[in-house]
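Colleague: You'll find start.tsv just under this line, and it carries TSV, C-alpha atoms and all ligand atoms.
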```tsv
chain	number	residue	atom	x	y	z
Q	1	MET	CA	6.55	-4.96	19.54
Q	2	PRO	CA	5.27	-1.36	19.45
Q	3	LEU	CA	4.99	0.18	16.00
Q	4	GLU	CA	7.52	2.89	16.89
Q	5	LYS	CA	10.16	0.35	17.81
Q	6	LEU	CA	9.63	-1.43	14.50
Q	7	HIS	CA	9.91	1.95	12.74
Q	8	ASN	CA	13.27	2.55	14.41
Q	9	ILE	CA	14.57	-0.86	13.40
Q	10	CYS	CA	13.36	-0.33	9.85
Q	11	SER	CA	15.05	3.11	9.67
Q	12	SER	CA	18.45	1.53	10.21
Q	13	CYS	CA	17.82	-1.49	7.95
Q	14	THR	CA	20.62	-2.55	5.61
Q	15	LYS	CA	19.06	-5.80	4.33
Q	16	CYS	CA	19.16	-4.70	0.70
Q	17	GLU	CA	21.08	-2.27	-1.48
Q	18	LEU	CA	18.32	0.35	-1.41
Q	19	HIS	CA	19.47	1.59	1.99
Q	20	LYS	CA	22.52	3.09	0.27
Q	21	THR	CA	20.48	5.50	-1.83
Q	22	ARG	CA	17.60	6.32	0.54
Q	23	THR	CA	17.14	9.72	2.14
Q	24	ASN	CA	14.51	8.34	4.50
Q	25	CYS	CA	12.99	4.99	5.23
Q	26	VAL	CA	9.29	5.38	4.41
Q	27	PHE	CA	7.82	3.18	7.09
Q	28	GLY	CA	4.11	3.98	7.05
Q	29	THR	CA	1.69	6.57	8.32
Q	30	GLY	CA	-1.77	6.90	9.80
Q	31	ASN	CA	-3.89	5.44	12.55
Q	32	PRO	CA	-2.18	2.51	14.31
Q	33	GLN	CA	-5.68	1.21	15.17
Q	34	ALA	CA	-6.98	1.53	11.62
Q	35	LYS	CA	-9.60	-0.94	10.39
Q	36	LEU	CA	-8.46	-0.24	6.85
Q	37	MET	CA	-4.90	-0.43	5.63
Q	38	PHE	CA	-3.66	0.50	2.16
Q	39	VAL	CA	-0.47	-1.05	0.82
Q	40	GLY	CA	1.30	0.50	-2.16
Q	41	GLU	CA	4.43	-0.50	-3.98
Q	42	ALA	CA	7.44	1.59	-3.00
Q	43	PRO	CA	8.26	5.20	-2.15
Q	44	GLY	CA	8.89	7.70	-4.92
Q	45	GLU	CA	11.02	10.83	-4.79
Q	46	LYS	CA	8.68	12.97	-2.64
Q	47	GLU	CA	8.16	10.08	-0.25
Q	48	ASP	CA	11.90	9.43	0.03
Q	49	LEU	CA	12.49	13.10	0.82
Q	50	SER	CA	9.66	13.41	3.35
Q	51	GLY	CA	9.67	9.92	4.90
Q	52	THR	CA	5.88	9.67	4.39
Q	53	PRO	CA	4.09	7.40	1.89
Q	54	PHE	CA	1.82	8.76	-0.84
Q	55	VAL	CA	2.59	12.47	-0.60
Q	56	GLY	CA	3.45	13.03	-4.29
Q	57	ALA	CA	1.12	13.26	-7.30
Q	58	ALA	CA	-0.19	9.70	-6.85
Q	59	GLY	CA	-0.79	10.38	-3.16
Q	60	LYS	CA	-2.75	13.54	-3.89
Q	61	LEU	CA	-4.97	11.53	-6.21
Q	62	LEU	CA	-5.43	8.85	-3.55
Q	63	ASP	CA	-6.47	11.63	-1.12
Q	64	LYS	CA	-9.15	12.74	-3.60
Q	65	TYR	CA	-10.65	9.24	-3.79
Q	66	LEU	CA	-10.60	8.88	-0.02
Q	67	ALA	CA	-12.40	12.22	0.30
Q	68	ALA	CA	-14.85	11.32	-2.48
Q	69	VAL	CA	-16.06	8.21	-0.64
Q	70	GLY	CA	-15.93	9.77	2.83
Q	71	ILE	CA	-12.89	8.04	4.31
Q	72	ALA	CA	-10.57	10.29	6.35
Q	73	ARG	CA	-6.89	9.75	5.60
Q	74	GLU	CA	-6.15	10.07	9.35
Q	75	ASP	CA	-8.40	7.05	10.01
Q	76	VAL	CA	-6.52	4.63	7.76
Q	77	TYR	CA	-2.97	3.32	7.79
Q	78	ILE	CA	-0.86	3.56	4.63
Q	79	ALA	CA	2.33	1.64	3.93
Q	80	ASN	CA	4.25	0.13	1.04
Q	81	ILE	CA	5.77	-3.25	0.16
Q	82	LEU	CA	9.21	-1.59	0.00
Q	83	LYS	CA	10.23	0.97	2.58
Q	84	CYS	CA	13.07	2.47	0.53
Q	85	ARG	CA	12.89	4.11	-2.89
Q	86	PRO	CA	14.14	2.11	-5.87
Q	87	PRO	CA	16.41	4.21	-8.11
Q	88	LYS	CA	14.44	6.10	-10.77
Q	89	ASN	CA	11.27	4.49	-9.39
Q	90	ARG	CA	11.93	1.20	-11.13
Q	91	ASP	CA	9.82	-1.82	-10.12
Q	92	PRO	CA	10.95	-3.55	-6.92
Q	93	LEU	CA	13.25	-6.54	-7.44
Q	94	PRO	CA	12.01	-9.85	-5.97
Q	95	ALA	CA	15.04	-9.92	-3.65
Q	96	GLU	CA	14.19	-6.42	-2.37
Q	97	GLU	CA	10.60	-7.48	-1.69
Q	98	ASP	CA	11.82	-10.61	0.10
Q	99	ALA	CA	14.17	-8.54	2.25
Q	100	CYS	CA	11.51	-5.97	3.15
Q	101	ILE	CA	8.25	-7.90	3.42
Q	102	GLY	CA	8.86	-8.89	7.04
Q	103	TYR	CA	8.43	-5.25	8.10
Q	104	LEU	CA	5.02	-5.10	6.44
Q	105	ARG	CA	3.99	-8.42	7.99
Q	106	GLU	CA	4.93	-7.09	11.44
Q	107	GLN	CA	3.04	-3.84	10.77
Q	108	VAL	CA	-0.07	-5.85	9.86
Q	109	LYS	CA	0.29	-8.00	12.99
Q	110	ILE	CA	0.52	-4.91	15.21
Q	111	ILE	CA	-2.25	-2.90	13.52
Q	112	ARG	CA	-4.56	-5.86	12.85
Q	113	PRO	CA	-6.71	-4.08	10.25
Q	114	LYS	CA	-9.95	-5.74	9.14
Q	115	ILE	CA	-9.43	-4.80	5.49
Q	116	ILE	CA	-6.22	-4.59	3.49
Q	117	ALA	CA	-6.52	-2.79	0.16
Q	118	CYS	CA	-3.60	-3.24	-2.21
Q	119	LEU	CA	-2.77	-0.23	-4.34
Q	120	GLY	CA	-1.78	-1.69	-7.69
Q	121	ARG	CA	-0.54	-4.88	-9.24
Q	122	ILE	CA	2.79	-5.25	-7.44
Q	123	SER	CA	1.20	-5.14	-4.01
Q	124	ALA	CA	-1.69	-7.42	-5.06
Q	125	LYS	CA	0.68	-10.01	-6.50
Q	126	ARG	CA	2.70	-10.05	-3.33
Q	127	LEU	CA	-0.16	-9.99	-0.83
Q	128	ILE	CA	-3.18	-11.62	-2.50
Q	129	LYS	CA	-1.86	-14.07	-5.08
Q	130	GLU	CA	1.10	-14.40	-7.39
Q	131	ASP	CA	-1.01	-14.45	-10.59
Q	132	PHE	CA	-3.25	-11.50	-9.66
Q	133	LYS	CA	-4.62	-9.74	-12.76
Q	134	ILE	CA	-5.36	-6.16	-11.82
Q	135	THR	CA	-7.51	-5.37	-14.88
Q	136	GLU	CA	-9.77	-8.39	-14.21
Q	137	GLU	CA	-9.65	-8.69	-10.45
Q	138	HIS	CA	-9.58	-5.13	-9.08
Q	139	GLY	CA	-12.43	-4.53	-6.65
Q	140	LYS	CA	-12.94	-8.25	-5.89
Q	141	TRP	CA	-12.78	-9.53	-2.32
Q	142	PHE	CA	-10.39	-12.22	-1.11
Q	143	GLU	CA	-10.31	-13.74	2.36
Q	144	ARG	CA	-6.78	-14.33	3.63
Q	145	GLY	CA	-6.71	-15.63	7.21
Q	146	ASP	CA	-8.08	-12.88	9.46
Q	147	TYR	CA	-8.01	-10.29	6.68
Q	148	THR	CA	-10.46	-9.28	3.99
Q	149	MET	CA	-8.42	-8.11	1.04
Q	150	CYS	CA	-8.87	-6.45	-2.31
Q	151	ALA	CA	-6.84	-4.50	-4.82
Q	152	VAL	CA	-7.60	-1.28	-6.64
Q	153	TYR	CA	-5.68	0.42	-9.42
Q	154	HIS	CA	-2.53	2.20	-8.35
Q	155	PRO	CA	-3.22	5.95	-8.39
Q	156	ALA	CA	-0.17	6.44	-10.65
Q	157	ALA	CA	-1.88	4.14	-13.21
Q	158	LEU	CA	-4.90	6.47	-13.14
Q	159	LEU	CA	-2.64	9.41	-13.91
Q	160	ARG	CA	-1.33	7.53	-16.96
Q	161	ASP	CA	-4.76	6.24	-18.04
Q	162	PRO	CA	-7.70	8.36	-16.83
Q	163	ARG	CA	-10.17	5.82	-18.33
Q	164	LYS	CA	-9.53	3.74	-15.20
Q	165	LYS	CA	-10.86	6.46	-12.91
Q	166	GLU	CA	-14.50	5.37	-13.03
Q	167	ALA	CA	-13.56	1.84	-11.91
Q	168	MET	CA	-11.42	3.28	-9.13
Q	169	LEU	CA	-14.31	5.31	-7.75
Q	170	LEU	CA	-16.58	2.24	-7.74
Q	171	ASP	CA	-13.90	0.13	-6.04
Q	172	MET	CA	-13.29	2.78	-3.39
Q	173	GLN	CA	-17.03	2.97	-2.74
Q	174	LYS	CA	-17.07	-0.82	-2.24
Q	175	ILE	CA	-14.23	-0.49	0.26
Q	176	LYS	CA	-16.15	2.18	2.17
Q	177	GLU	CA	-19.25	-0.07	2.27
Q	178	LYS	CA	-17.22	-3.06	3.47
Q	179	LEU	CA	-15.62	-0.87	6.14
Q	180	GLU	CA	-19.04	0.04	7.47
Q	181	GLU	CA	-19.88	-3.67	7.88
Q	182	LYS	CA	-16.72	-4.32	9.93
B	1	LIG	N1	3.70	5.02	-5.02
B	1	LIG	C1	3.68	4.03	-4.11
B	1	LIG	O1	3.42	2.88	-4.43
B	1	LIG	N2	3.93	4.36	-2.85
B	1	LIG	C2	4.17	5.61	-2.44
B	1	LIG	O2	4.38	5.81	-1.26
B	1	LIG	C3	4.18	6.61	-3.42
B	1	LIG	C4	3.95	6.30	-4.70
```
Please, can you express the file's structure as structure tokens?
Modeller:
Amino acid sequence: MPLEKLHNICSSCTKCELHKTRTNCVFGTGNPQAKLMFVGEAPGEKEDLSGTPFVGAAGKLLDKYLAAVGIAREDVYIANILKCRPPKNRDPLPAEEDACIGYLREQVKIIRPKIIACLGRISAKRLIKEDFKITEEHGKWFERGDYTMCAVYHPAALLRDPRKKEAMLLDMQKIKEKLEEK
């Protein structure tokens, strides 16, 4: 299925309650042939209003790290576990993740990235392993079928705790190096 068709289906999704409060479905953005895909948690307010992931404060910080390691945002694909904003940006409910995860799986199948980088704990727990410990396991590589995966801190976590920024830069540099091998 072409990515655009999947986007259209996702935009009219009513599989969970979040469709009732969304302004836009935040499907994903970037290069459909990307070798590197980032997966965040769920849209926030700016993303809900614009329909594009990572455009708010956390997104601007992500842009800075991409620029710092020489990765162009247009070359990657960025999506989230949830496509609709949870009220007041609360954590996704397991039932919401279950309802939505099929869209992400289809996106991955269509894009076939080499590397999937999870942004934060929620995405890492869902995509890498249930007991993922972000403070211990960020920046480590995991092979999952055809995909090489890792997780980095969520940019919003860096805004709350700037001491994590050094680790983030190192992890993003590792991702850039891995990308060059692929
Ligand atoms: N945080 C996320 O996890 N995703 C976004 O799109 C924006 C903020």
Colleague: Quick one: residues within 6 Å of ligand LIG 1 (chain B), with only C-alpha atoms and all ligand atoms, as a ChimeraX atom specification?
Modeller: /Q:40-44,47,53-54,58,80
Colleague: What does the distance between atom CA of Gly30 of chain Q and atom CA of Ile175 of chain Q come to in Å, to one decimal place?
Modeller: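 It comes out at 17.3 Å.
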Colleague: Taking all atoms listed in the file into account, name the residue in Q:Ile9, Q:Lys46, Q:Leu127, Q:Pro155 that is nearest to Leu169 of chain Q.
Modeller: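 Selected residue with least distance to Leu169 of chain Q: Q:Pro155.
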Colleague: With all atoms listed in the file as the counted atoms, please give the residues lying no more than 8 Å from Lys35 of chain Q, apart from itself and same-chain residues fewer than 3 positions off, as a PDB file with C-alpha atoms, in the coordinates of the input.
Modeller:
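Output saved as result.pdb:
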```
ATOM      1  CA  VAL Q  76      -6.520   4.630   7.760  1.00  0.00           C
ATOM      2  CA  ARG Q 112      -4.560  -5.860  12.850  1.00  0.00           C
ATOM      3  CA  PRO Q 113      -6.710  -4.080  10.250  1.00  0.00           C
ATOM      4  CA  LYS Q 114      -9.950  -5.740   9.140  1.00  0.00           C
ATOM      5  CA  ILE Q 115      -9.430  -4.800   5.490  1.00  0.00           C
ATOM      6  CA  LEU Q 179     -15.620  -0.870   6.140  1.00  0.00           C
ATOM      7  CA  LYS Q 182     -16.720  -4.320   9.930  1.00  0.00           C
TER       8      LYS Q 182
END
```
Colleague: Could you please determine the separation between atom CA of Lys178 of chain Q and atom CA of Lys60 of chain Q in Å, to one decimal place?
Modeller: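 About the pair atom CA of Lys178 of chain Q and atom CA of Lys60 of chain Q: they are 23.2 Å apart.
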Colleague: Which residues are close to Val26 of chain Q, i.e. within 6 Å by all atoms listed in the file, leaving aside same-chain residues fewer than 4 positions away? Reply as an MDAnalysis selection string.
Modeller: chainID Q and resid 51:52 83
Colleague: Let's have the selection written as a CSV table (one decimal), in the frame of the given file, with C-alpha atoms.
Modeller:
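So result_25.csv came out as:
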```
chain,number,residue,atom,x,y,z
Q,51,GLY,CA,9.7,9.9,4.9
Q,52,THR,CA,5.9,9.7,4.4
Q,83,LYS,CA,10.2,1.0,2.6
```
Colleague: Would you compute the distance between atom CA of Ile81 of chain Q and atom CA of Lys174 of chain Q? Give it in Å to one decimal.
Modeller: 23.1 Å
Colleague: Starting from the point (19.8, -0.8, -3.5), work out which residues of protein, DNA or RNA have an atom no more than 9 Å away when counting all atoms listed in the file; state them as a short mmCIF file (atom, residue, chain, number, x, y, z; two decimals) with C-alpha atoms, keeping the file's coordinate frame.
Modeller:
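So out.cif came out as:
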```cif
data_model
loop_
_atom_site.label_atom_id
_atom_site.label_comp_id
_atom_site.auth_asym_id
_atom_site.auth_seq_id
_atom_site.Cartn_x
_atom_site.Cartn_y
_atom_site.Cartn_z
CA CYS Q 16 19.16 -4.70 0.70
CA GLU Q 17 21.08 -2.27 -1.48
CA LEU Q 18 18.32 0.35 -1.41
CA HIS Q 19 19.47 1.59 1.99
CA LYS Q 20 22.52 3.09 0.27
CA THR Q 21 20.48 5.50 -1.83
CA ARG Q 22 17.60 6.32 0.54
CA CYS Q 84 13.07 2.47 0.53
CA ARG Q 85 12.89 4.11 -2.89
CA PRO Q 86 14.14 2.11 -5.87
CA PRO Q 87 16.41 4.21 -8.11
CA GLU Q 96 14.19 -6.42 -2.37
#
```
Colleague: Residues within 10 Å of Ile71 of chain Q, please, as a VMD selection string. Count all atoms listed in the file; anything in the same chain fewer than 2 positions from it doesn't count.
Modeller: chain Q and resid 36 63 to 69 73 to 76 172 to 173 175 to 176 179
Colleague: Considering all atoms listed in the file, return as a list in words whatever protein or nucleic-acid residues lie within 12 Å of Leu159 of chain Q, sequence-local ones (same chain, fewer than 6 positions apart) excluded.
Modeller: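 Close residues of Leu159 of chain Q: Gly56, Ala57, Ala58, Gly59, Lys60, Leu61, Leu62, Tyr153, Lys165 and Met168 of chain Q.
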Colleague: Just to be explicit: take each residue in the selection above, keep C-alpha atoms, and write the result as a short mmCIF file (atom, residue, chain, number, x, y, z; two decimals), keeping the file's coordinate frame.
Modeller:
```cif
data_model
loop_
_atom_site.label_atom_id
_atom_site.label_comp_id
_atom_site.auth_asym_id
_atom_site.auth_seq_id
_atom_site.Cartn_x
_atom_site.Cartn_y
_atom_site.Cartn_z
CA GLY Q 56 3.45 13.03 -4.29
CA ALA Q 57 1.12 13.26 -7.30
CA ALA Q 58 -0.19 9.70 -6.85
CA GLY Q 59 -0.79 10.38 -3.16
CA LYS Q 60 -2.75 13.54 -3.89
CA LEU Q 61 -4.97 11.53 -6.21
CA LEU Q 62 -5.43 8.85 -3.55
CA TYR Q 153 -5.68 0.42 -9.42
CA LYS Q 165 -10.86 6.46 -12.91
CA MET Q 168 -11.42 3.28 -9.13
#
```
Colleague: Return the single residue from Q:Thr14, Q:Ile116, Q:His7, Q:Thr135 that is closest to Ala34 of chain Q, with distances computed using all atoms listed in the file.
Modeller: Q:Ile116
Colleague: Counting all atoms listed in the file, find residues at most 7 Å from (-9.0, -3.2, -2.0) (file frame) and give them as a list in words.
Modeller: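 The residues near that point, listed by chain and number, are Ile116, Ala117, Cys118, Gly139, Met149, Cys150, Ala151, Val152 and Ile175 of chain Q.
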Colleague: Name the residues in contact with Leu6 of chain Q at a cut-off of 9 Å, using all atoms listed in the file, excluding same-chain residues fewer than 2 positions from it; report them as a PyMOL selection string.
Modeller: chain Q and resi 1-4+8-11+27+103+106-107
Colleague: May I ask which of the residues Q:Arg144, Q:Ile134, Q:Ala99, Q:Ser123 is the closest one to Lys164 of chain Q, counting only C-alpha atoms?
Modeller: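 Among the listed residues, the smallest separation from Lys164 of chain Q belongs to Q:Ile134.
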Colleague: Could I get segment 125-144 of chain Q rebuilt with N, CA, C and O atoms, written as a compact mmCIF listing (two decimals), keeping the file's coordinate frame?
Modeller:
```
# COMPACT_ATOMS: atom_id res chain seq x y z
N LYS Q 125 -0.02 -8.76 -6.19
CA LYS Q 125 0.68 -10.01 -6.50
C LYS Q 125 1.41 -10.53 -5.27
O LYS Q 125 1.46 -11.73 -5.02
N ARG Q 126 1.95 -9.63 -4.51
CA ARG Q 126 2.70 -10.05 -3.33
C ARG Q 126 1.77 -10.47 -2.19
O ARG Q 126 2.04 -11.42 -1.47
N LEU Q 127 0.66 -9.76 -2.03
CA LEU Q 127 -0.16 -9.99 -0.83
C LEU Q 127 -1.40 -10.86 -1.08
O LEU Q 127 -1.84 -11.54 -0.16
N ILE Q 128 -1.95 -10.84 -2.27
CA ILE Q 128 -3.18 -11.62 -2.50
C ILE Q 128 -2.84 -12.93 -3.21
O ILE Q 128 -3.09 -14.00 -2.68
N LYS Q 129 -2.30 -12.85 -4.39
CA LYS Q 129 -1.86 -14.07 -5.08
C LYS Q 129 -0.92 -13.68 -6.21
O LYS Q 129 -1.07 -12.64 -6.85
N GLU Q 130 0.01 -14.56 -6.45
CA GLU Q 130 1.10 -14.40 -7.39
C GLU Q 130 0.61 -14.04 -8.81
O GLU Q 130 1.20 -13.22 -9.50
N ASP Q 131 -0.54 -14.68 -9.22
CA ASP Q 131 -1.01 -14.45 -10.59
C ASP Q 131 -2.15 -13.43 -10.65
O ASP Q 131 -2.99 -13.50 -11.54
N PHE Q 132 -2.18 -12.52 -9.70
CA PHE Q 132 -3.25 -11.50 -9.66
C PHE Q 132 -3.27 -10.69 -10.94
O PHE Q 132 -2.23 -10.21 -11.40
N LYS Q 133 -4.47 -10.54 -11.52
CA LYS Q 133 -4.62 -9.74 -12.76
C LYS Q 133 -5.41 -8.48 -12.42
O LYS Q 133 -6.63 -8.53 -12.25
N ILE Q 134 -4.72 -7.38 -12.34
CA ILE Q 134 -5.36 -6.16 -11.82
C ILE Q 134 -6.52 -5.70 -12.70
O ILE Q 134 -7.54 -5.25 -12.18
N THR Q 135 -6.42 -5.85 -14.02
CA THR Q 135 -7.51 -5.37 -14.88
C THR Q 135 -8.77 -6.22 -14.70
O THR Q 135 -9.88 -5.72 -14.82
N GLU Q 136 -8.61 -7.50 -14.38
CA GLU Q 136 -9.77 -8.39 -14.21
C GLU Q 136 -10.23 -8.47 -12.76
O GLU Q 136 -11.42 -8.72 -12.52
N GLU Q 137 -9.31 -8.34 -11.84
CA GLU Q 137 -9.65 -8.69 -10.45
C GLU Q 137 -9.66 -7.51 -9.47
O GLU Q 137 -9.88 -7.70 -8.28
N HIS Q 138 -9.49 -6.29 -9.98
CA HIS Q 138 -9.58 -5.13 -9.08
C HIS Q 138 -11.00 -5.08 -8.50
O HIS Q 138 -11.97 -5.46 -9.18
N GLY Q 139 -11.11 -4.68 -7.26
CA GLY Q 139 -12.43 -4.53 -6.65
C GLY Q 139 -13.06 -5.83 -6.16
O GLY Q 139 -14.16 -5.82 -5.60
N LYS Q 140 -12.39 -6.97 -6.38
CA LYS Q 140 -12.94 -8.25 -5.89
C LYS Q 140 -12.41 -8.52 -4.49
O LYS Q 140 -11.28 -8.14 -4.17
N TRP Q 141 -13.20 -9.24 -3.70
CA TRP Q 141 -12.78 -9.53 -2.32
C TRP Q 141 -12.13 -10.90 -2.20
O TRP Q 141 -12.56 -11.85 -2.84
N PHE Q 142 -11.12 -10.97 -1.38
CA PHE Q 142 -10.39 -12.22 -1.11
C PHE Q 142 -10.23 -12.34 0.40
O PHE Q 142 -9.86 -11.35 1.05
N GLU Q 143 -10.53 -13.51 0.93
CA GLU Q 143 -10.31 -13.74 2.36
C GLU Q 143 -8.94 -14.39 2.54
O GLU Q 143 -8.66 -15.40 1.88
N ARG Q 144 -8.12 -13.79 3.38
CA ARG Q 144 -6.78 -14.33 3.63
C ARG Q 144 -6.56 -14.36 5.15
O ARG Q 144 -6.23 -13.34 5.74
```
